[in-house]
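Containing compact mmCIF, C-alpha atoms: coords37.txt.
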# COMPACT_ATOMS: atom_id res chain seq x y z
CA MET A 1 -0.18 -11.96 11.27
CA PRO A 2 -0.22 -8.38 12.61
CA SER A 3 -0.64 -5.64 10.03
CA LYS A 4 2.54 -4.14 8.69
CA LYS A 5 3.34 -0.54 8.02
CA ILE A 6 5.26 0.18 4.81
CA LEU A 7 6.84 3.47 3.76
CA VAL A 8 6.76 3.88 -0.03
CA VAL A 9 9.07 6.28 -1.85
CA ASP A 10 8.88 6.85 -5.60
CA ASP A 11 9.04 10.04 -7.64
CA GLN A 12 6.34 8.81 -10.03
CA ASP A 13 2.98 9.54 -8.37
CA GLU A 14 1.16 6.88 -10.38
CA ILE A 15 3.60 4.15 -9.37
CA ARG A 16 3.47 5.22 -5.74
CA GLU A 17 -0.31 5.06 -5.84
CA ILE A 18 -0.36 1.59 -7.40
CA ILE A 19 2.12 0.24 -4.83
CA GLY A 20 -0.07 1.66 -2.08
CA ILE A 21 -3.26 0.13 -3.44
CA SER A 22 -1.56 -3.21 -4.00
CA LEU A 23 -0.19 -3.47 -0.46
CA GLU A 24 -3.38 -2.21 1.17
CA GLN A 25 -5.79 -4.36 -0.85
CA VAL A 26 -3.91 -7.64 -0.90
CA ASP A 27 -2.56 -7.77 2.60
CA GLY A 28 -4.30 -4.97 4.45
CA TRP A 29 -1.03 -3.29 5.25
CA GLN A 30 -0.87 0.34 6.26
CA VAL A 31 0.98 2.37 3.66
CA VAL A 32 2.56 5.76 4.21
CA PHE A 33 4.31 7.80 1.56
CA ALA A 34 7.22 10.17 1.31
CA SER A 35 8.49 12.31 -1.53
CA PRO A 36 12.08 11.73 -2.63
CA GLY A 37 14.68 13.65 -0.66
CA PRO A 38 15.16 14.52 3.00
CA GLU A 39 11.46 13.92 3.72
CA VAL A 40 12.16 10.16 3.55
CA LEU A 41 14.58 10.35 6.46
CA VAL A 42 12.12 12.37 8.55
CA ARG A 43 9.16 10.10 7.72
CA ALA A 44 11.13 6.94 8.42
CA GLN A 45 12.15 8.25 11.82
CA SER A 46 8.66 9.40 12.80
CA GLU A 47 6.67 6.49 11.34
CA GLN A 48 9.06 3.64 12.20
CA PRO A 49 7.69 1.45 9.38
CA ASP A 50 8.25 -2.30 9.25
CA ALA A 51 9.88 -1.86 5.83
CA ILE A 52 10.64 0.78 3.23
CA ILE A 53 10.14 0.38 -0.52
CA LEU A 54 12.46 2.78 -2.26
CA ASP A 55 12.77 3.60 -5.94
CA ALA A 56 16.36 3.51 -7.19
CA ASN A 57 16.23 6.23 -9.78
CA MET A 58 14.86 9.49 -8.39
CA PRO A 59 15.86 13.08 -9.10
CA GLY A 60 17.87 14.88 -6.44
CA MET A 61 18.37 12.15 -3.88
CA ASP A 62 18.40 8.71 -5.49
CA GLY A 63 17.65 5.40 -3.79
CA PRO A 64 21.21 4.44 -2.80
CA THR A 65 21.89 7.94 -1.38
CA THR A 66 18.64 7.84 0.59
CA PHE A 67 19.53 4.37 1.85
CA LYS A 68 22.89 5.60 3.15
CA GLY A 69 21.07 8.38 5.01
CA LEU A 70 18.72 5.86 6.61
CA ARG A 71 21.66 3.68 7.65
CA ALA A 72 23.48 6.64 9.18
CA ASN A 73 20.64 7.31 11.63
CA PRO A 74 20.48 4.89 14.62
CA SER A 75 16.69 5.18 14.75
CA THR A 76 16.21 4.06 11.14
CA GLN A 77 19.25 1.88 10.45
CA GLN A 78 17.45 -1.36 11.37
CA ILE A 79 14.47 -0.83 9.06
CA PRO A 80 14.68 -3.23 6.09
CA VAL A 81 14.79 -1.40 2.77
CA ILE A 82 13.69 -2.91 -0.53
CA LEU A 83 15.05 -1.22 -3.63
CA LEU A 84 12.79 -1.06 -6.67
CA THR A 85 14.70 -0.65 -9.91
CA ALA A 86 14.02 -0.63 -13.63
CA SER A 87 17.69 -1.25 -14.28
CA VAL A 88 18.63 -4.47 -16.03
CA MET A 89 22.34 -3.74 -16.01
CA THR A 90 24.11 -6.48 -14.09
CA GLU A 91 26.88 -4.23 -12.87
CA GLU A 92 24.48 -1.65 -11.46
CA ARG A 93 22.38 -4.30 -9.73
CA ARG A 94 25.54 -5.81 -8.22
CA ARG A 95 26.50 -2.38 -6.89
CA PHE A 96 23.04 -2.02 -5.35
CA ALA A 97 23.28 -5.47 -3.76
CA GLU A 98 26.62 -4.61 -2.16
CA LEU A 99 25.07 -1.65 -0.38
CA GLY A 100 23.05 -3.97 1.85
CA PHE A 101 19.46 -3.61 0.70
CA ALA A 102 17.13 -6.27 2.13
CA ALA A 103 16.09 -7.06 -1.44
CA ILE A 104 16.13 -5.68 -4.94
CA LEU A 105 12.88 -5.97 -6.87
CA SER A 106 12.37 -5.24 -10.55
CA LYS A 107 10.25 -2.66 -12.30
CA PRO A 108 7.86 -3.05 -13.91
CA PHE A 109 6.14 -5.05 -11.19
CA ASP A 110 2.84 -6.87 -11.08
CA PRO A 111 0.57 -5.15 -8.53
CA LEU A 112 -1.19 -8.44 -7.87
CA THR A 113 1.97 -10.22 -6.76
CA LEU A 114 4.01 -7.36 -5.28
CA PRO A 115 2.93 -8.03 -1.66
CA ALA A 116 4.00 -11.68 -1.93
CA GLN A 117 7.34 -10.57 -3.38
CA VAL A 118 7.82 -8.26 -0.40
CA ARG A 119 6.92 -10.99 2.09
CA LEU A 120 9.27 -13.43 0.41
CA ALA A 121 12.09 -10.90 0.31
CA LEU A 122 11.75 -10.06 3.99
CA GLY A 123 11.10 -13.60 5.22
CA TRP A 124 7.60 -12.73 6.37
CA PRO A 125 5.05 -15.59 6.35
CA LEU A 126 3.09 -15.93 3.12
CA MET B 1 -16.71 -14.56 -6.12
CA ASP B 2 -14.09 -15.42 -3.50
CA GLU B 3 -12.13 -12.87 -1.48
CA THR B 4 -8.97 -13.19 -3.58
CA SER B 5 -10.86 -12.55 -6.81
CA GLN B 6 -12.55 -9.52 -5.29
CA LYS B 7 -9.18 -8.08 -4.26
CA GLN B 8 -7.77 -8.73 -7.72
CA ASP B 9 -10.73 -7.00 -9.33
CA LYS B 10 -10.29 -3.99 -7.06
CA ILE B 11 -6.60 -3.73 -7.90
CA ASN B 12 -7.21 -4.13 -11.62
CA ALA B 13 -9.90 -1.45 -11.49
CA ALA B 14 -7.59 0.88 -9.57
CA VAL B 15 -4.75 0.34 -12.06
CA ALA B 16 -7.12 1.07 -14.96
CA ARG B 17 -8.35 4.23 -13.22
CA ILE B 18 -4.82 5.46 -12.53
CA TRP B 19 -3.85 4.76 -16.15
CA GLN B 20 -6.72 6.90 -17.38
CA GLN B 21 -5.72 9.70 -15.02
CA LYS B 22 -1.99 9.56 -15.70
CA LYS B 23 -1.59 8.42 -19.30
CA SER B 24 -0.87 12.00 -20.34
CA LEU B 25 2.42 11.67 -18.44
CA THR B 26 3.23 8.71 -20.67
CA LEU B 27 2.67 10.90 -23.71
CA VAL B 28 5.06 13.50 -22.29
CA SER B 29 7.73 10.81 -21.86
CA ILE B 30 7.17 9.47 -25.36
CA ALA B 31 7.40 13.00 -26.77
CA ALA B 32 10.84 13.43 -25.21
CA VAL B 33 12.11 10.33 -27.00
CA GLU B 34 10.43 11.47 -30.23
CA ARG B 35 12.23 14.82 -30.03
CA ALA B 36 15.56 13.03 -29.62
CA ALA B 37 14.84 10.68 -32.52
CA ALA B 38 13.86 13.55 -34.81
CA ALA B 39 16.92 15.58 -33.79
CA LEU B 40 19.23 12.66 -34.57
CA VAL B 41 17.83 12.47 -38.07
CA ASP B 42 17.88 16.23 -38.79
CA GLY B 43 21.26 16.86 -37.17
CA SER B 44 20.10 19.00 -34.25
CA PHE B 45 20.76 16.38 -31.58
CA THR B 46 22.24 17.60 -28.28
CA SER B 47 23.50 15.92 -25.12
CA GLU B 48 20.64 17.56 -23.22
CA LEU B 49 18.04 16.01 -25.54
CA ARG B 50 19.81 12.69 -25.16
CA ALA B 51 19.92 12.80 -21.34
CA ASN B 52 16.27 13.82 -21.07
CA ALA B 53 15.14 11.15 -23.54
CA ALA B 54 17.12 8.49 -21.67
CA ILE B 55 15.47 9.45 -18.37
CA GLU B 56 12.00 9.33 -19.94
CA ALA B 57 12.67 6.00 -21.69
CA HIS B 58 13.81 4.58 -18.34
CA LYS B 59 10.56 5.76 -16.72
CA LEU B 60 8.51 4.15 -19.48
CA ALA B 61 10.45 0.90 -19.22
CA GLY B 62 9.80 0.77 -15.49
CA SER B 63 6.14 1.68 -15.53
CA LEU B 64 4.30 0.53 -18.67
CA GLY B 65 4.44 -3.14 -17.69
CA THR B 66 2.75 -2.37 -14.39
CA PHE B 67 -0.18 -0.98 -16.39
CA GLY B 68 -0.35 -4.18 -18.41
CA PHE B 69 1.83 -3.10 -21.34
CA SER B 70 4.72 -5.56 -21.02
CA GLN B 71 5.71 -5.12 -24.64
CA GLY B 72 5.68 -1.36 -24.10
CA SER B 73 8.21 -1.78 -21.31
CA ARG B 74 10.41 -3.96 -23.53
CA LEU B 75 10.30 -1.45 -26.39
CA SER B 76 11.11 1.39 -24.00
CA ARG B 77 14.04 -0.55 -22.58
CA SER B 78 15.40 -0.94 -26.11
CA MET B 79 15.10 2.84 -26.54
CA GLU B 80 16.92 3.40 -23.26
CA GLU B 81 19.70 1.05 -24.36
CA ILE B 82 20.21 3.05 -27.55
CA LEU B 83 20.19 6.36 -25.70
CA THR B 84 22.68 5.23 -23.03
CA ARG B 85 25.22 3.64 -25.36
CA ALA B 86 28.77 4.82 -24.75
CA ALA B 87 29.25 5.78 -28.38
CA ASP B 88 28.02 8.93 -30.08
CA LEU B 89 24.63 8.41 -31.66
CA GLN B 90 24.12 8.55 -35.41
CA PRO B 91 21.16 9.32 -37.70
CA GLN B 92 20.48 5.60 -38.09
CA ASP B 93 20.02 5.39 -34.32
CA GLY B 94 17.30 8.01 -34.74
CA GLN B 95 15.63 5.81 -37.33
CA GLU B 96 15.86 2.84 -34.97
CA LEU B 97 14.31 4.90 -32.19
CA SER B 98 11.53 6.03 -34.54
CA GLU B 99 10.71 2.44 -35.41
CA LEU B 100 10.58 1.49 -31.72
CA LEU B 101 8.34 4.51 -31.08
CA ARG B 102 6.04 3.46 -33.91
CA LYS B 103 5.69 0.02 -32.34
CA LEU B 104 5.07 1.58 -28.94
CA HIS B 105 2.22 3.69 -30.33
CA VAL B 106 0.71 0.56 -31.86
CA GLU B 107 0.99 -1.19 -28.50
CA LEU B 108 -0.67 1.64 -26.58
CA GLU B 109 -3.15 2.93 -29.16
CA PRO B 110 -6.07 0.48 -28.64
CA VAL B 111 -6.59 1.46 -25.01
CA SER B 112 -5.07 4.87 -24.67
CA GLY B 113 -5.56 6.79 -27.84
CA CYS B 114 -1.79 7.51 -27.70
Please rewrite the model in this file as structure tokens.
Amino acid sequence: MPSKKILVVDDQDEIREIIGISLEQVDGWQVVFASPGPEVLVRAQSEQPDAIILDANMPGMDGPTTFKGLRANPSTQQIPVILLTASVMTEERRRFAELGFAAILSKPFDPLTLPAQVRLALGWPL
Amino acid sequence: MDETSQKQDKINAAVARIWQQKKSLTLVSIAAVERAAAALVDGSFTSELRANAAIEAHKLAGSLGTFGFSQGSRLSRSMEEILTRAADLQPQDGQELSELLRKLHVELEPVSGC
């Protein structure tokens, strides 16, 4: 399977770093990062990743707002976006699901199994 | 050692390294909840303290489990639930938060010195 490129967006540096190490070590994927905010839209357009992993709860521009920005741009609207959330509230998760994310994954996550969760969510071969 | 085990060892080592580098951020988050708990008990609680503590408890709930502290995430989620209740908080909520914080310190202490 060809290597994938994943754009990771999370306001917590340590979580971003662990996601990166997990995806690179387990599956050899290329990982690029963006800070929360408008940089995500610019990075997504320039990098054209195979998928984006986006934290839900970020200061300034949260995950759903960022997602709407990605969907509004023809050059990024087809990129699958996985939302990562620590929310356990059913109503909030339902609202996220209705926005059209490719998948919603829970925090905390296990770095050893995260890549498999991403593959499963996106229908990529395990 | 097979390839999978080697990858797992590398990830576990990286997670441990990042925890050592970043655990001070965990202490900052815990301190925000401690300030809110203390303010509830002594009557100086404000909406700003509450909002900040709720944000930090949410961060802890979402991150501690990734570092291997599943119980720490559960305790932090309980703190977040208290802090995001619709109702006004009372001194007894501060005591409940303090007890959850005590348990969190016990959970983290052996490996972090928290």
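Each of B:Thr84, B:Arg102, B:Lys59, B:Arg50 was compared to Asp55 (chain A) using all atoms listed in the file, and B:Lys59 turns out to be the nearest.
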Chain A residues near chain B (8 Å cut-off, only C-alpha atoms) as JSON, numbers by chain: {"A": [14, 15, 18, 21, 22, 25, 26, 85, 86, 107, 108, 109, 110, 111, 112]}
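For the residues B:Glu107, B:Asp88, B:Glu48, B:Glu56, ranking by smallest atom-to-atom distance to Ile30 (chain B) using only C-alpha atoms places B:Glu56 first.
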Atom pair CA of Leu89 (chain B) / CA of Glu92 (chain A): separation (Å): 22.6 Å
Selected residue, from A:Gln48, A:Thr65, A:Gln77, A:Thr113, that lies nearest to Phe96 (chain A) when counting only C-alpha atoms: A:Thr65
Pick from A:Asn73, A:Thr90, A:Thr66, A:Gln30 nearest to Val9 (chain A), counting all atoms listed in the file: A:Thr66
Interatomic distance (Å, one decimal) between CA of Ala53 (chain B) and CA of Arg85 (chain B): 12.7 Å
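Rounded to one decimal, CA of Ser78 (chain B) and CA of Ala38 (chain B) lie 17.0 Å from each other.
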Go ahead and fit an axis-aligned box to every listed atom of region 65-75 of chain B plus 8 Å each side, and pass me the centre and edge lengths in Å, one decimal, as JSON.
{"center_x": 5.0, "center_y": -3.3, "center_z": -20.4, "size_x": 26.8, "size_y": 20.6, "size_z": 28.0}
Among listed residues A:Gly60, A:Leu70, A:Ile19, A:Pro80, nearest Gln45 (chain A) (using only C-alpha atoms): A:Leu70
Protein, DNA and RNA residues within 7 Å of (1.8, -1.7, 10.8), all atoms listed in the file, as a PyMOL selection string: chain A and resi 3-5+29-30+49-50
Who sits within 7 Å of region 34-40 of chain A, all atoms listed in the file, same chain under 2 positions skipped, as an NGL selection string: :A and (8-11 or 42-44 or 58 or 60-61)
Phe101 (chain A) environment, 7 Å, all atoms listed in the file, sequence neighbours closer than 5 positions dropped, as a list of chain:residue names: A:Val81, A:Ile82, A:Leu83
Selection export as an mmCIF file, in the coordinates of the input, atoms kept: C-alpha atoms:
data_model
loop_
_atom_site.group_PDB
_atom_site.id
_atom_site.type_symbol
_atom_site.label_atom_id
_atom_site.label_comp_id
_atom_site.auth_asym_id
_atom_site.auth_seq_id
_atom_site.Cartn_x
_atom_site.Cartn_y
_atom_site.Cartn_z
ATOM 1 C CA VAL A 81 14.790 -1.400 2.770
ATOM 2 C CA ILE A 82 13.690 -2.910 -0.530
ATOM 3 C CA LEU A 83 15.050 -1.220 -3.630
#
